$ cat entry.pdb   # PDB, C-alpha atoms and all ligand atoms
ATOM      1  CA  MET A   1     -14.019  -4.070 -15.941  1.00  0.00           C
ATOM      2  CA  ALA A   2     -12.414  -4.761 -12.576  1.00  0.00           C
ATOM      3  CA  GLN A   3      -9.387  -6.546 -14.015  1.00  0.00           C
ATOM      4  CA  ASP A   4      -8.614  -3.792 -16.549  1.00  0.00           C
ATOM      5  CA  PHE A   5      -8.705  -1.311 -13.720  1.00  0.00           C
ATOM      6  CA  ALA A   6      -6.465  -3.481 -11.532  1.00  0.00           C
ATOM      7  CA  PHE A   7      -3.840  -3.759 -14.296  1.00  0.00           C
ATOM      8  CA  LYS A   8      -4.025   0.010 -14.879  1.00  0.00           C
ATOM      9  CA  TRP A   9      -3.729   0.721 -11.143  1.00  0.00           C
ATOM     10  CA  PHE A  10      -0.425  -1.148 -10.929  1.00  0.00           C
ATOM     11  CA  ALA A  11       0.895   0.297 -14.208  1.00  0.00           C
ATOM     12  CA  THR A  12       0.203   3.754 -12.738  1.00  0.00           C
ATOM     13  CA  TYR A  13       1.828   2.795  -9.429  1.00  0.00           C
ATOM     14  CA  PHE A  14       4.988   1.552 -11.183  1.00  0.00           C
ATOM     15  CA  ASP A  15       5.292   4.978 -12.881  1.00  0.00           C
ATOM     16  CA  ASP A  16       4.416   6.983  -9.770  1.00  0.00           C
ATOM     17  CA  PHE A  17       6.952   5.019  -7.729  1.00  0.00           C
ATOM     18  CA  GLU A  18       9.698   5.948 -10.224  1.00  0.00           C
ATOM     19  CA  HIS A  19       8.973   9.619  -9.488  1.00  0.00           C
ATOM     20  CA  SER A  20       8.865   9.122  -5.702  1.00  0.00           C
ATOM     21  CA  LYS A  21      11.564   6.554  -5.112  1.00  0.00           C
ATOM     22  CA  ASP A  22      14.341   9.072  -4.326  1.00  0.00           C
ATOM     23  CA  GLU A  23      12.138  10.757  -1.737  1.00  0.00           C
ATOM     24  CA  LEU A  24      11.118   7.402  -0.176  1.00  0.00           C
ATOM     25  CA  GLY A  25      14.727   6.228  -0.148  1.00  0.00           C
ATOM     26  CA  GLU A  26      15.854   9.458   1.498  1.00  0.00           C
ATOM     27  CA  LEU A  27      13.225   9.090   4.255  1.00  0.00           C
ATOM     28  CA  ASP A  28      14.389   5.556   5.064  1.00  0.00           C
ATOM     29  CA  ARG A  29      18.016   6.737   4.975  1.00  0.00           C
ATOM     30  CA  LYS A  30      17.126   9.270   7.649  1.00  0.00           C
ATOM     31  CA  LEU A  31      14.690   7.132   9.675  1.00  0.00           C
ATOM     32  CA  GLY A  32      15.754   3.545   9.048  1.00  0.00           C
ATOM     33  CA  ASP A  33      18.566   1.755   7.279  1.00  0.00           C
ATOM     34  CA  GLY A  34      18.046   3.275   3.838  1.00  0.00           C
ATOM     35  CA  ASP A  35      16.942   0.200   1.916  1.00  0.00           C
ATOM     36  CA  PHE A  36      13.185   0.783   1.674  1.00  0.00           C
ATOM     37  CA  ALA A  37      13.153   2.217  -1.871  1.00  0.00           C
ATOM     38  CA  VAL A  38      15.513  -0.540  -3.038  1.00  0.00           C
ATOM     39  CA  ASN A  39      13.280  -3.201  -1.450  1.00  0.00           C
ATOM     40  CA  LEU A  40      10.160  -1.679  -2.979  1.00  0.00           C
ATOM     41  CA  ALA A  41      11.844  -1.351  -6.391  1.00  0.00           C
ATOM     42  CA  SER A  42      12.808  -5.068  -6.269  1.00  0.00           C
ATOM     43  CA  ALA A  43       9.274  -6.065  -5.291  1.00  0.00           C
ATOM     44  CA  LEU A  44       7.702  -3.949  -8.031  1.00  0.00           C
ATOM     45  CA  LYS A  45      10.073  -5.409 -10.626  1.00  0.00           C
ATOM     46  CA  LEU A  46       8.890  -8.913  -9.656  1.00  0.00           C
ATOM     47  CA  CYS A  47       5.266  -7.700  -9.711  1.00  0.00           C
ATOM     48  CA  LYS A  48       5.714  -6.250 -13.203  1.00  0.00           C
ATOM     49  CA  GLU A  49       7.138  -9.548 -14.454  1.00  0.00           C
ATOM     50  CA  ALA A  50       4.361 -11.562 -12.801  1.00  0.00           C
ATOM     51  CA  LEU A  51       1.671  -9.273 -14.266  1.00  0.00           C
ATOM     52  CA  GLY A  52       3.314  -9.563 -17.694  1.00  0.00           C
ATOM     53  CA  ASP A  53       2.916 -13.345 -17.472  1.00  0.00           C
ATOM     54  CA  LEU A  54      -0.821 -13.151 -16.656  1.00  0.00           C
ATOM     55  CA  PRO A  55      -3.388 -13.633 -19.404  1.00  0.00           C
ATOM     56  CA  PRO A  56      -5.072 -10.280 -20.223  1.00  0.00           C
ATOM     57  CA  ASP A  57      -8.453 -11.598 -19.054  1.00  0.00           C
ATOM     58  CA  SER A  58      -7.170 -12.372 -15.538  1.00  0.00           C
ATOM     59  CA  THR A  59      -9.479 -11.341 -12.733  1.00  0.00           C
ATOM     60  CA  ALA A  60      -8.716  -8.542 -10.261  1.00  0.00           C
ATOM     61  CA  ALA A  61      -8.049 -11.356  -7.755  1.00  0.00           C
ATOM     62  CA  GLY A  62      -5.449 -12.769 -10.156  1.00  0.00           C
ATOM     63  CA  VAL A  63      -3.784  -9.358 -10.490  1.00  0.00           C
ATOM     64  CA  PHE A  64      -3.547  -8.793  -6.711  1.00  0.00           C
ATOM     65  CA  SER A  65      -2.419 -12.371  -6.182  1.00  0.00           C
ATOM     66  CA  ALA A  66       0.446 -11.945  -8.690  1.00  0.00           C
ATOM     67  CA  VAL A  67       1.446  -8.713  -6.922  1.00  0.00           C
ATOM     68  CA  SER A  68       1.323 -10.454  -3.555  1.00  0.00           C
ATOM     69  CA  GLY A  69       3.748 -13.089  -4.847  1.00  0.00           C
ATOM     70  CA  GLY A  70       6.168 -10.373  -5.974  1.00  0.00           C
ATOM     71  CA  PHE A  71       6.231  -8.825  -2.490  1.00  0.00           C
ATOM     72  CA  LEU A  72       6.442 -12.157  -0.668  1.00  0.00           C
ATOM     73  CA  HIS A  73       9.620 -12.923  -2.652  1.00  0.00           C
ATOM     74  CA  THR A  74      11.253  -9.655  -1.585  1.00  0.00           C
ATOM     75  CA  GLY A  75      13.338  -8.942   1.497  1.00  0.00           C
ATOM     76  CA  GLY A  76      13.190  -6.280   4.176  1.00  0.00           C
ATOM     77  CA  THR A  77      10.382  -6.008   6.675  1.00  0.00           C
ATOM     78  CA  SER A  78       8.132  -4.343   4.135  1.00  0.00           C
ATOM     79  CA  GLY A  79       8.250  -7.151   1.518  1.00  0.00           C
ATOM     80  CA  PRO A  80       6.475  -9.921   3.455  1.00  0.00           C
ATOM     81  CA  LEU A  81       4.128  -7.475   5.229  1.00  0.00           C
ATOM     82  CA  LEU A  82       2.945  -5.958   1.955  1.00  0.00           C
ATOM     83  CA  GLY A  83       2.807  -9.441   0.419  1.00  0.00           C
ATOM     84  CA  MET A  84       0.294 -10.436   3.092  1.00  0.00           C
ATOM     85  CA  TRP A  85      -1.614  -7.186   2.646  1.00  0.00           C
ATOM     86  CA  PHE A  86      -2.038  -7.764  -1.098  1.00  0.00           C
ATOM     87  CA  ARG A  87      -2.847 -11.444  -0.513  1.00  0.00           C
ATOM     88  CA  GLU A  88      -5.858 -10.506   1.624  1.00  0.00           C
ATOM     89  CA  ILE A  89      -6.989  -7.993  -1.020  1.00  0.00           C
ATOM     90  CA  ALA A  90      -6.715 -10.751  -3.660  1.00  0.00           C
ATOM     91  CA  LYS A  91      -8.819 -13.092  -1.499  1.00  0.00           C
ATOM     92  CA  ALA A  92     -11.510 -10.439  -1.018  1.00  0.00           C
ATOM     93  CA  CYS A  93     -11.565  -9.735  -4.767  1.00  0.00           C
ATOM     94  CA  ALA A  94     -12.122 -13.451  -5.407  1.00  0.00           C
ATOM     95  CA  SER A  95     -15.156 -13.495  -3.128  1.00  0.00           C
ATOM     96  CA  HIS A  96     -16.638 -10.119  -4.259  1.00  0.00           C
ATOM     97  CA  GLU A  97     -15.868 -10.468  -7.967  1.00  0.00           C
ATOM     98  CA  GLU A  98     -18.729  -8.225  -9.124  1.00  0.00           C
ATOM     99  CA  ASP A  99     -18.253  -5.373  -6.634  1.00  0.00           C
ATOM    100  CA  LEU A 100     -14.775  -3.871  -6.482  1.00  0.00           C
ATOM    101  CA  VAL A 101     -15.628  -1.273  -3.822  1.00  0.00           C
ATOM    102  CA  SER A 102     -16.759  -3.994  -1.384  1.00  0.00           C
ATOM    103  CA  ALA A 103     -13.814  -6.169  -2.354  1.00  0.00           C
ATOM    104  CA  LEU A 104     -11.304  -3.401  -1.647  1.00  0.00           C
ATOM    105  CA  SER A 105     -13.034  -2.364   1.539  1.00  0.00           C
ATOM    106  CA  THR A 106     -13.063  -5.934   2.890  1.00  0.00           C
ATOM    107  CA  GLY A 107      -9.595  -6.746   1.578  1.00  0.00           C
ATOM    108  CA  VAL A 108      -7.853  -3.635   2.883  1.00  0.00           C
ATOM    109  CA  ARG A 109      -9.391  -4.260   6.321  1.00  0.00           C
ATOM    110  CA  ALA A 110      -8.330  -7.945   6.351  1.00  0.00           C
ATOM    111  CA  GLY A 111      -4.911  -7.126   4.914  1.00  0.00           C
ATOM    112  CA  THR A 112      -4.241  -4.430   7.484  1.00  0.00           C
ATOM    113  CA  SER A 113      -5.252  -6.797  10.297  1.00  0.00           C
ATOM    114  CA  ALA A 114      -2.833  -9.399   8.873  1.00  0.00           C
ATOM    115  CA  VAL A 115      -0.014  -6.820   8.756  1.00  0.00           C
ATOM    116  CA  GLN A 116      -0.734  -5.875  12.369  1.00  0.00           C
ATOM    117  CA  ARG A 117      -0.837  -9.501  13.473  1.00  0.00           C
ATOM    118  CA  LEU A 118       2.470 -10.284  11.803  1.00  0.00           C
ATOM    119  CA  GLY A 119       4.369  -7.087  12.536  1.00  0.00           C
ATOM    120  CA  GLY A 120       2.743  -6.100  15.824  1.00  0.00           C
ATOM    121  CA  ALA A 121       2.228  -2.441  14.838  1.00  0.00           C
ATOM    122  CA  GLU A 122      -0.580  -0.425  16.394  1.00  0.00           C
ATOM    123  CA  ALA A 123      -1.914   2.947  15.274  1.00  0.00           C
ATOM    124  CA  GLY A 124       0.625   5.627  16.180  1.00  0.00           C
ATOM    125  CA  ASP A 125       3.749   3.442  15.920  1.00  0.00           C
ATOM    126  CA  LYS A 126       4.891   5.392  12.823  1.00  0.00           C
ATOM    127  CA  THR A 127       4.601   2.626  10.239  1.00  0.00           C
ATOM    128  CA  MET A 128       2.740   1.859   7.034  1.00  0.00           C
ATOM    129  CA  VAL A 129      -0.116   0.733   9.305  1.00  0.00           C
ATOM    130  CA  ASP A 130      -0.983   4.384  10.052  1.00  0.00           C
ATOM    131  CA  ALA A 131      -1.758   5.025   6.364  1.00  0.00           C
ATOM    132  CA  MET A 132      -3.507   1.645   6.043  1.00  0.00           C
ATOM    133  CA  LEU A 133      -5.815   2.234   9.012  1.00  0.00           C
ATOM    134  CA  ALA A 134      -6.790   5.671   7.679  1.00  0.00           C
ATOM    135  CA  ALA A 135      -7.664   4.003   4.350  1.00  0.00           C
ATOM    136  CA  VAL A 136      -9.664   1.250   6.104  1.00  0.00           C
ATOM    137  CA  ASP A 137     -11.848   3.797   7.929  1.00  0.00           C
ATOM    138  CA  THR A 138     -12.604   5.720   4.770  1.00  0.00           C
ATOM    139  CA  PHE A 139     -13.284   2.592   2.699  1.00  0.00           C
ATOM    140  CA  GLU A 140     -15.771   1.359   5.283  1.00  0.00           C
ATOM    141  CA  GLN A 141     -17.483   4.713   5.620  1.00  0.00           C
ATOM    142  CA  PHE A 142     -17.874   5.244   1.862  1.00  0.00           C
ATOM    143  CA  SER A 143     -18.635   1.674   0.799  1.00  0.00           C
ATOM    144  CA  SER A 144     -21.470   1.460   3.324  1.00  0.00           C
ATOM    145  CA  GLN A 145     -22.959   4.561   1.642  1.00  0.00           C
ATOM    146  CA  GLY A 146     -22.880   2.808  -1.755  1.00  0.00           C
ATOM    147  CA  ALA A 147     -20.413   5.315  -3.271  1.00  0.00           C
ATOM    148  CA  ASP A 148     -18.817   4.534  -6.647  1.00  0.00           C
ATOM    149  CA  LEU A 149     -15.163   3.543  -7.054  1.00  0.00           C
ATOM    150  CA  SER A 150     -13.947   6.952  -8.165  1.00  0.00           C
ATOM    151  CA  THR A 151     -15.609   8.753  -5.225  1.00  0.00           C
ATOM    152  CA  VAL A 152     -14.296   6.146  -2.786  1.00  0.00           C
ATOM    153  CA  LEU A 153     -10.742   6.267  -4.103  1.00  0.00           C
ATOM    154  CA  GLU A 154     -10.705  10.054  -4.033  1.00  0.00           C
ATOM    155  CA  ALA A 155     -11.610  10.001  -0.338  1.00  0.00           C
ATOM    156  CA  VAL A 156      -9.297   7.078   0.459  1.00  0.00           C
ATOM    157  CA  ALA A 157      -6.307   8.666  -1.326  1.00  0.00           C
ATOM    158  CA  LYS A 158      -6.856  11.823   0.702  1.00  0.00           C
ATOM    159  CA  SER A 159      -7.200  10.072   4.052  1.00  0.00           C
ATOM    160  CA  ALA A 160      -4.248   7.725   3.445  1.00  0.00           C
ATOM    161  CA  GLU A 161      -2.101  10.769   2.631  1.00  0.00           C
ATOM    162  CA  LYS A 162      -3.299  12.430   5.815  1.00  0.00           C
ATOM    163  CA  GLY A 163      -2.541   9.245   7.769  1.00  0.00           C
ATOM    164  CA  ALA A 164       0.930   9.098   6.216  1.00  0.00           C
ATOM    165  CA  GLU A 165       1.648  12.755   6.964  1.00  0.00           C
ATOM    166  CA  SER A 166       0.449  12.295  10.557  1.00  0.00           C
ATOM    167  CA  THR A 167       3.381   9.898  11.105  1.00  0.00           C
ATOM    168  CA  ALA A 168       5.764  12.873  10.901  1.00  0.00           C
ATOM    169  CA  ASP A 169       4.807  13.852  14.455  1.00  0.00           C
ATOM    170  CA  MET A 170       5.158  10.326  15.818  1.00  0.00           C
ATOM    171  CA  HIS A 171       8.014   8.552  17.568  1.00  0.00           C
ATOM    172  CA  ALA A 172       8.874   5.245  15.942  1.00  0.00           C
ATOM    173  CA  ASN A 173       8.288   2.377  18.370  1.00  0.00           C
ATOM    174  CA  LEU A 174       8.982  -0.480  15.987  1.00  0.00           C
ATOM    175  CA  GLY A 175      11.454  -1.445  13.325  1.00  0.00           C
ATOM    176  CA  ARG A 176      14.730   0.254  12.562  1.00  0.00           C
ATOM    177  CA  ALA A 177      13.325   3.778  12.823  1.00  0.00           C
ATOM    178  CA  SER A 178      12.900   3.112  16.567  1.00  0.00           C
ATOM    179  CA  TYR A 179      16.703   3.000  16.976  1.00  0.00           C
ATOM    180  CA  VAL A 180      17.208   6.589  15.855  1.00  0.00           C
ATOM    181  CA  GLY A 181      15.113   8.031  18.702  1.00  0.00           C
ATOM    182  CA  ASP A 182      14.103  11.693  18.428  1.00  0.00           C
ATOM    183  CA  ILE A 183      15.627  11.988  14.953  1.00  0.00           C
ATOM    184  CA  SER A 184      12.549  10.155  13.697  1.00  0.00           C
ATOM    185  CA  VAL A 185      10.253  13.004  14.730  1.00  0.00           C
ATOM    186  CA  GLY A 186       9.511  15.555  11.993  1.00  0.00           C
ATOM    187  CA  LEU A 187       9.681  13.218   9.005  1.00  0.00           C
ATOM    188  CA  PRO A 188       6.915  10.924   7.739  1.00  0.00           C
ATOM    189  CA  ASP A 189       7.385   7.157   7.604  1.00  0.00           C
ATOM    190  CA  PRO A 190       8.373   5.989   4.087  1.00  0.00           C
ATOM    191  CA  GLY A 191       6.179   2.860   4.266  1.00  0.00           C
ATOM    192  CA  ALA A 192       3.137   4.993   5.089  1.00  0.00           C
ATOM    193  CA  LYS A 193       3.999   7.378   2.244  1.00  0.00           C
ATOM    194  CA  ALA A 194       4.252   4.416  -0.161  1.00  0.00           C
ATOM    195  CA  ILE A 195       0.744   3.280   0.837  1.00  0.00           C
ATOM    196  CA  ALA A 196      -0.656   6.788   0.308  1.00  0.00           C
ATOM    197  CA  LEU A 197       1.039   6.859  -3.097  1.00  0.00           C
ATOM    198  CA  PHE A 198      -0.571   3.514  -3.955  1.00  0.00           C
ATOM    199  CA  PHE A 199      -4.095   4.821  -3.328  1.00  0.00           C
ATOM    200  CA  ASN A 200      -3.327   8.017  -5.205  1.00  0.00           C
ATOM    201  CA  SER A 201      -2.238   5.889  -8.186  1.00  0.00           C
ATOM    202  CA  GLY A 202      -5.588   4.085  -7.921  1.00  0.00           C
ATOM    203  CA  LEU A 203      -7.395   7.407  -8.057  1.00  0.00           C
ATOM    204  CA  LYS A 204      -5.420   8.449 -11.155  1.00  0.00           C
ATOM    205  CA  ALA A 205      -6.117   5.078 -12.815  1.00  0.00           C
ATOM    206  CA  VAL A 206      -9.872   5.267 -12.250  1.00  0.00           C
ATOM    207  CA  ASN A 207     -10.253   8.769 -13.722  1.00  0.00           C
TER     208      ASN A 207
HETATM  209  P1  LIG B 301      13.484  -2.787   7.266  1.00  0.00           P
HETATM  210  O1  LIG B 301      12.921  -2.046   8.422  1.00  0.00           O
HETATM  211  O2  LIG B 301      13.650  -4.239   7.534  1.00  0.00           O
HETATM  212  O3  LIG B 301      14.683  -2.125   6.652  1.00  0.00           O
HETATM  213  P2  LIG B 301      12.033  -1.859   4.905  1.00  0.00           P
HETATM  214  O4  LIG B 301      13.050  -0.793   4.757  1.00  0.00           O
HETATM  215  O5  LIG B 301      11.810  -2.764   3.763  1.00  0.00           O
HETATM  216  O6  LIG B 301      12.295  -2.762   6.187  1.00  0.00           O
HETATM  217  O7  LIG B 301      10.638  -1.205   5.266  1.00  0.00           O
HETATM  218  C1  LIG B 301      10.544  -0.147   6.165  1.00  0.00           C
HETATM  219  C2  LIG B 301       9.080   0.178   6.354  1.00  0.00           C
HETATM  220  O8  LIG B 301       8.409  -0.959   6.850  1.00  0.00           O
HETATM  221  C3  LIG B 301       8.856   1.273   7.380  1.00  0.00           C
HETATM  222  O9  LIG B 301       8.834   2.531   6.751  1.00  0.00           O
HETATM  223  C4  LIG B 301       7.506   0.915   7.997  1.00  0.00           C
HETATM  224  O10 LIG B 301       6.445   1.535   7.312  1.00  0.00           O
HETATM  225  C5  LIG B 301       7.391  -0.571   7.752  1.00  0.00           C
HETATM  226  N1  LIG B 301       7.549  -1.354   8.974  1.00  0.00           N
HETATM  227  C6  LIG B 301       8.686  -1.662   9.643  1.00  0.00           C
HETATM  228  N2  LIG B 301       8.418  -2.469  10.690  1.00  0.00           N
HETATM  229  C7  LIG B 301       7.077  -2.667  10.683  1.00  0.00           C
HETATM  230  C8  LIG B 301       6.158  -3.408  11.508  1.00  0.00           C
HETATM  231  N3  LIG B 301       6.588  -4.141  12.547  1.00  0.00           N
HETATM  232  N4  LIG B 301       4.850  -3.374  11.185  1.00  0.00           N
HETATM  233  C9  LIG B 301       4.409  -2.658  10.132  1.00  0.00           C
HETATM  234  N5  LIG B 301       5.219  -1.951   9.324  1.00  0.00           N
HETATM  235  C10 LIG B 301       6.522  -1.953   9.603  1.00  0.00           C
HETATM  236 MG    MG B 302      14.785  -0.302   5.710  1.00  0.00          MG
END
$ encode --input "entry.pdb" --output "structure tokens"
Amino acid sequence: MAQDFAFKWFATYFDDFEHSKDELGELDRKLGDGDFAVNLASALKLCKEALGDLPPDSTAAGVFSAVSGGFLHTGGTSGPLLGMWFREIAKACASHEEDLVSALSTGVRAGTSAVQRLGGAEAGDKTMVDAMLAAVDTFEQFSSQGADLSTVLEAVAKSAEKGAESTADMHANLGRASYVGDISVGLPDPGAKAIALFFNSGLKAVN
């Protein structure tokens, strides 16, 4: 069932984040202002509470919508951007209730466009958008082939990780990482790494 999977995906992400938060925090300390892991931890705490308040038979749209609310109530640049990203995924789940692969494919595309509209990031600016765009391409390629959720998430987790790692070679053009100049080259963007981690948690939850 889509909603059981959605709950499990976030439960897995909460755990995976605990194991990665020091690394994500360290990256933002070196590239930005150091608060990314703290911002993400605050958002995920709100998400956990909101998911705890949902009835167990909530739809996948309800799960993503609760998560969106958690992010939208969190500070930093990442909070509102990820809140909009999850809001678009929730909307797509509501209109593709019976097909989670199509819902995610449509929602991740719409969400990434919303993040780009709001934050102005293009591919190659060394932000979370680089991992998101890699995921969008893979979702669209695999969902048009009629692949099942586990196959799609395996490919998406891989490409999002590749997209995140590709940010290591980039110069930051936006956000606080742009102030540190050449120091930003050599390390991957923490927001992009957090997106890759999210899809990897999805892959773990589906298997
Ligand atoms: P802040 O930059 O306000 O301290 P956070 O630390 O919460 O924000 O988040 C930092 C992450 O947000 C970065 O790693 C990057 O992925 C993402 N980010 C920053 N600015 C933008 C933007 N304009 N568009 C998309 N993502 C961005
Ligand atoms: Mg920061």
$ resolve_selection --input "entry.pdb" --expression "the PyMOL selection byres (((chain A and resi 156-167) around 9) and not hetatm)" --output "PyMOL selection string"
chain A and resi 124-139+142+151-155+168-172+185-203
$ resolve_selection --input "entry.pdb" --expression "the PyMOL selection byres (((chain A and resi 92) around 8) and not hetatm)" --output "MDAnalysis selection string"
chainID A and resid 61 88:91 93:96 103:104 106:107
$ write_last_selection --input "entry.pdb" --atoms "C-alpha atoms" --output "compact mmCIF listing (two decimals), in the frame of the given file"
# COMPACT_ATOMS: atom_id res chain seq x y z
CA ALA A 61 -8.05 -11.36 -7.76
CA GLU A 88 -5.86 -10.51 1.62
CA ILE A 89 -6.99 -7.99 -1.02
CA ALA A 90 -6.72 -10.75 -3.66
CA LYS A 91 -8.82 -13.09 -1.50
CA CYS A 93 -11.56 -9.74 -4.77
CA ALA A 94 -12.12 -13.45 -5.41
CA SER A 95 -15.16 -13.50 -3.13
CA HIS A 96 -16.64 -10.12 -4.26
CA ALA A 103 -13.81 -6.17 -2.35
CA LEU A 104 -11.30 -3.40 -1.65
CA THR A 106 -13.06 -5.93 2.89
CA GLY A 107 -9.60 -6.75 1.58
$ residues_around --input "entry.pdb" --residues "range 20-25 of chain A" --least-positions-apart "4" --cutoff "6 Å" --atoms "all atoms listed in the file" --output "VMD selection string"
chain A and resid 34 36 to 37 190
$ resolve_selection --input "entry.pdb" --expression "the PyMOL selection byres (((chain A and resi 10) around 9) and not hetatm)" --output "VMD selection string"
chain A and resid 5 to 9 11 to 15 47 to 48 63 67 198 201 to 202 205
$ write_last_selection --input "entry.pdb" --atoms "C-alpha atoms" --output "short mmCIF file (atom, residue, chain, number, x, y, z; two decimals), in the coordinates of the input"
data_model
loop_
_atom_site.label_atom_id
_atom_site.label_comp_id
_atom_site.auth_asym_id
_atom_site.auth_seq_id
_atom_site.Cartn_x
_atom_site.Cartn_y
_atom_site.Cartn_z
CA PHE A 5 -8.70 -1.31 -13.72
CA ALA A 6 -6.46 -3.48 -11.53
CA PHE A 7 -3.84 -3.76 -14.30
CA LYS A 8 -4.03 0.01 -14.88
CA TRP A 9 -3.73 0.72 -11.14
CA ALA A 11 0.90 0.30 -14.21
CA THR A 12 0.20 3.75 -12.74
CA TYR A 13 1.83 2.80 -9.43
CA PHE A 14 4.99 1.55 -11.18
CA ASP A 15 5.29 4.98 -12.88
CA CYS A 47 5.27 -7.70 -9.71
CA LYS A 48 5.71 -6.25 -13.20
CA VAL A 63 -3.78 -9.36 -10.49
CA VAL A 67 1.45 -8.71 -6.92
CA PHE A 198 -0.57 3.51 -3.96
CA SER A 201 -2.24 5.89 -8.19
CA GLY A 202 -5.59 4.08 -7.92
CA ALA A 205 -6.12 5.08 -12.82
#
$ closest_atom_pairs --input "entry.pdb" --of "chain A" --to "ligand MG 302 (chain B)" --cutoff "8 Å" --atoms "all atoms listed in the file" --output "JSON lines"
{"residue": "A:Asp28", "atom": "CA", "partner": "B:MG302", "partner_atom": "MG", "distance": 5.9}
{"residue": "A:Arg29", "atom": "CA", "partner": "B:MG302", "partner_atom": "MG", "distance": 7.8}
{"residue": "A:Gly32", "atom": "CA", "partner": "B:MG302", "partner_atom": "MG", "distance": 5.2}
{"residue": "A:Asp33", "atom": "CA", "partner": "B:MG302", "partner_atom": "MG", "distance": 4.6}
{"residue": "A:Gly34", "atom": "CA", "partner": "B:MG302", "partner_atom": "MG", "distance": 5.2}
{"residue": "A:Asp35", "atom": "CA", "partner": "B:MG302", "partner_atom": "MG", "distance": 4.4}
{"residue": "A:Phe36", "atom": "CA", "partner": "B:MG302", "partner_atom": "MG", "distance": 4.5}
{"residue": "A:Asn39", "atom": "CA", "partner": "B:MG302", "partner_atom": "MG", "distance": 7.9}
{"residue": "A:Gly76", "atom": "CA", "partner": "B:MG302", "partner_atom": "MG", "distance": 6.4}
{"residue": "A:Thr77", "atom": "CA", "partner": "B:MG302", "partner_atom": "MG", "distance": 7.3}
{"residue": "A:Ser78", "atom": "CA", "partner": "B:MG302", "partner_atom": "MG", "distance": 7.9}
{"residue": "A:Arg176", "atom": "CA", "partner": "B:MG302", "partner_atom": "MG", "distance": 6.9}
$ closest_residue --input "entry.pdb" --among "A:Ala41, A:Val115, A:Ala2, A:Val206" --to "ligand LIG 301 (chain B)" --atoms "only C-alpha atoms and all ligand atoms"
A:Val115
$ closest_residue --input "entry.pdb" --among "A:Lys204, A:Arg109, A:Arg87, A:Lys30" --to "ligand LIG 301 (chain B)" --atoms "all atoms listed in the file"
A:Lys30
$ atom_distance --input "entry.pdb" --atom1 "atom C6 of ligand LIG 301 (chain B)" --atom2 "CA of Glu18 in chain A"
21.3 Å
$ closest_residue --input "entry.pdb" --among "A:Glu26, A:Asp53, A:Asp4, A:Glu97" --to "ligand LIG 301 (chain B)" --atoms "only C-alpha atoms and all ligand atoms"
A:Glu26
$ axis_aligned_box --input "entry.pdb" --around "ligand LIG 301 (chain B)" --padding-each-side "8 Å" --output "lines of an AutoDock Vina configuration file"
center_x = 9.5
center_y = -0.9
center_z = 8.2
size_x = 26.3
size_y = 22.8
size_z = 24.8
$ residues_around --input "entry.pdb" --residues "His73 in chain A" --least-positions-apart "6" --cutoff "12 Å" --atoms "all atoms listed in the file" --output "list in words"
Asn39, Leu40, Ser42, Ala43, Leu44, Lys45, Leu46, Cys47, Ala50, Ala66, Val67, Gly79, Pro80, Leu81, Leu82, Gly83 and Met84 of chain A
$ write_last_selection --input "entry.pdb" --atoms "C-alpha atoms" --output "short mmCIF file (atom, residue, chain, number, x, y, z; two decimals), in the frame of the given file"
data_model
loop_
_atom_site.label_atom_id
_atom_site.label_comp_id
_atom_site.auth_asym_id
_atom_site.auth_seq_id
_atom_site.Cartn_x
_atom_site.Cartn_y
_atom_site.Cartn_z
CA ASN A 39 13.28 -3.20 -1.45
CA LEU A 40 10.16 -1.68 -2.98
CA SER A 42 12.81 -5.07 -6.27
CA ALA A 43 9.27 -6.06 -5.29
CA LEU A 44 7.70 -3.95 -8.03
CA LYS A 45 10.07 -5.41 -10.63
CA LEU A 46 8.89 -8.91 -9.66
CA CYS A 47 5.27 -7.70 -9.71
CA ALA A 50 4.36 -11.56 -12.80
CA ALA A 66 0.45 -11.94 -8.69
CA VAL A 67 1.45 -8.71 -6.92
CA GLY A 79 8.25 -7.15 1.52
CA PRO A 80 6.48 -9.92 3.46
CA LEU A 81 4.13 -7.48 5.23
CA LEU A 82 2.94 -5.96 1.96
CA GLY A 83 2.81 -9.44 0.42
CA MET A 84 0.29 -10.44 3.09
#
$ closest_residue --input "entry.pdb" --among "A:Thr74, A:Ser102, A:Asn207, A:Ser143" --to "ligand LIG 301 (chain B)" --atoms "all atoms listed in the file"
A:Thr74
$ atom_distance --input "entry.pdb" --atom1 "CA of Asp99 in chain A" --atom2 "CA of Ser68 in chain A"
20.5 Å
$ atom_distance --input "entry.pdb" --atom1 "atom N5 of ligand LIG 301 (chain B)" --atom2 "CA of Glu122 in chain A"
9.3 Å
$ closest_residue --input "entry.pdb" --among "A:Ser105, A:Ser58, A:Gln116, A:Ser65" --to "ligand LIG 301 (chain B)" --atoms "only C-alpha atoms and all ligand atoms"
A:Gln116
$ closest_residue --input "entry.pdb" --among "A:Leu100, A:Leu27, A:Val108, A:Ile183" --to "ligand LIG 301 (chain B)" --atoms "all atoms listed in the file"
A:Leu27
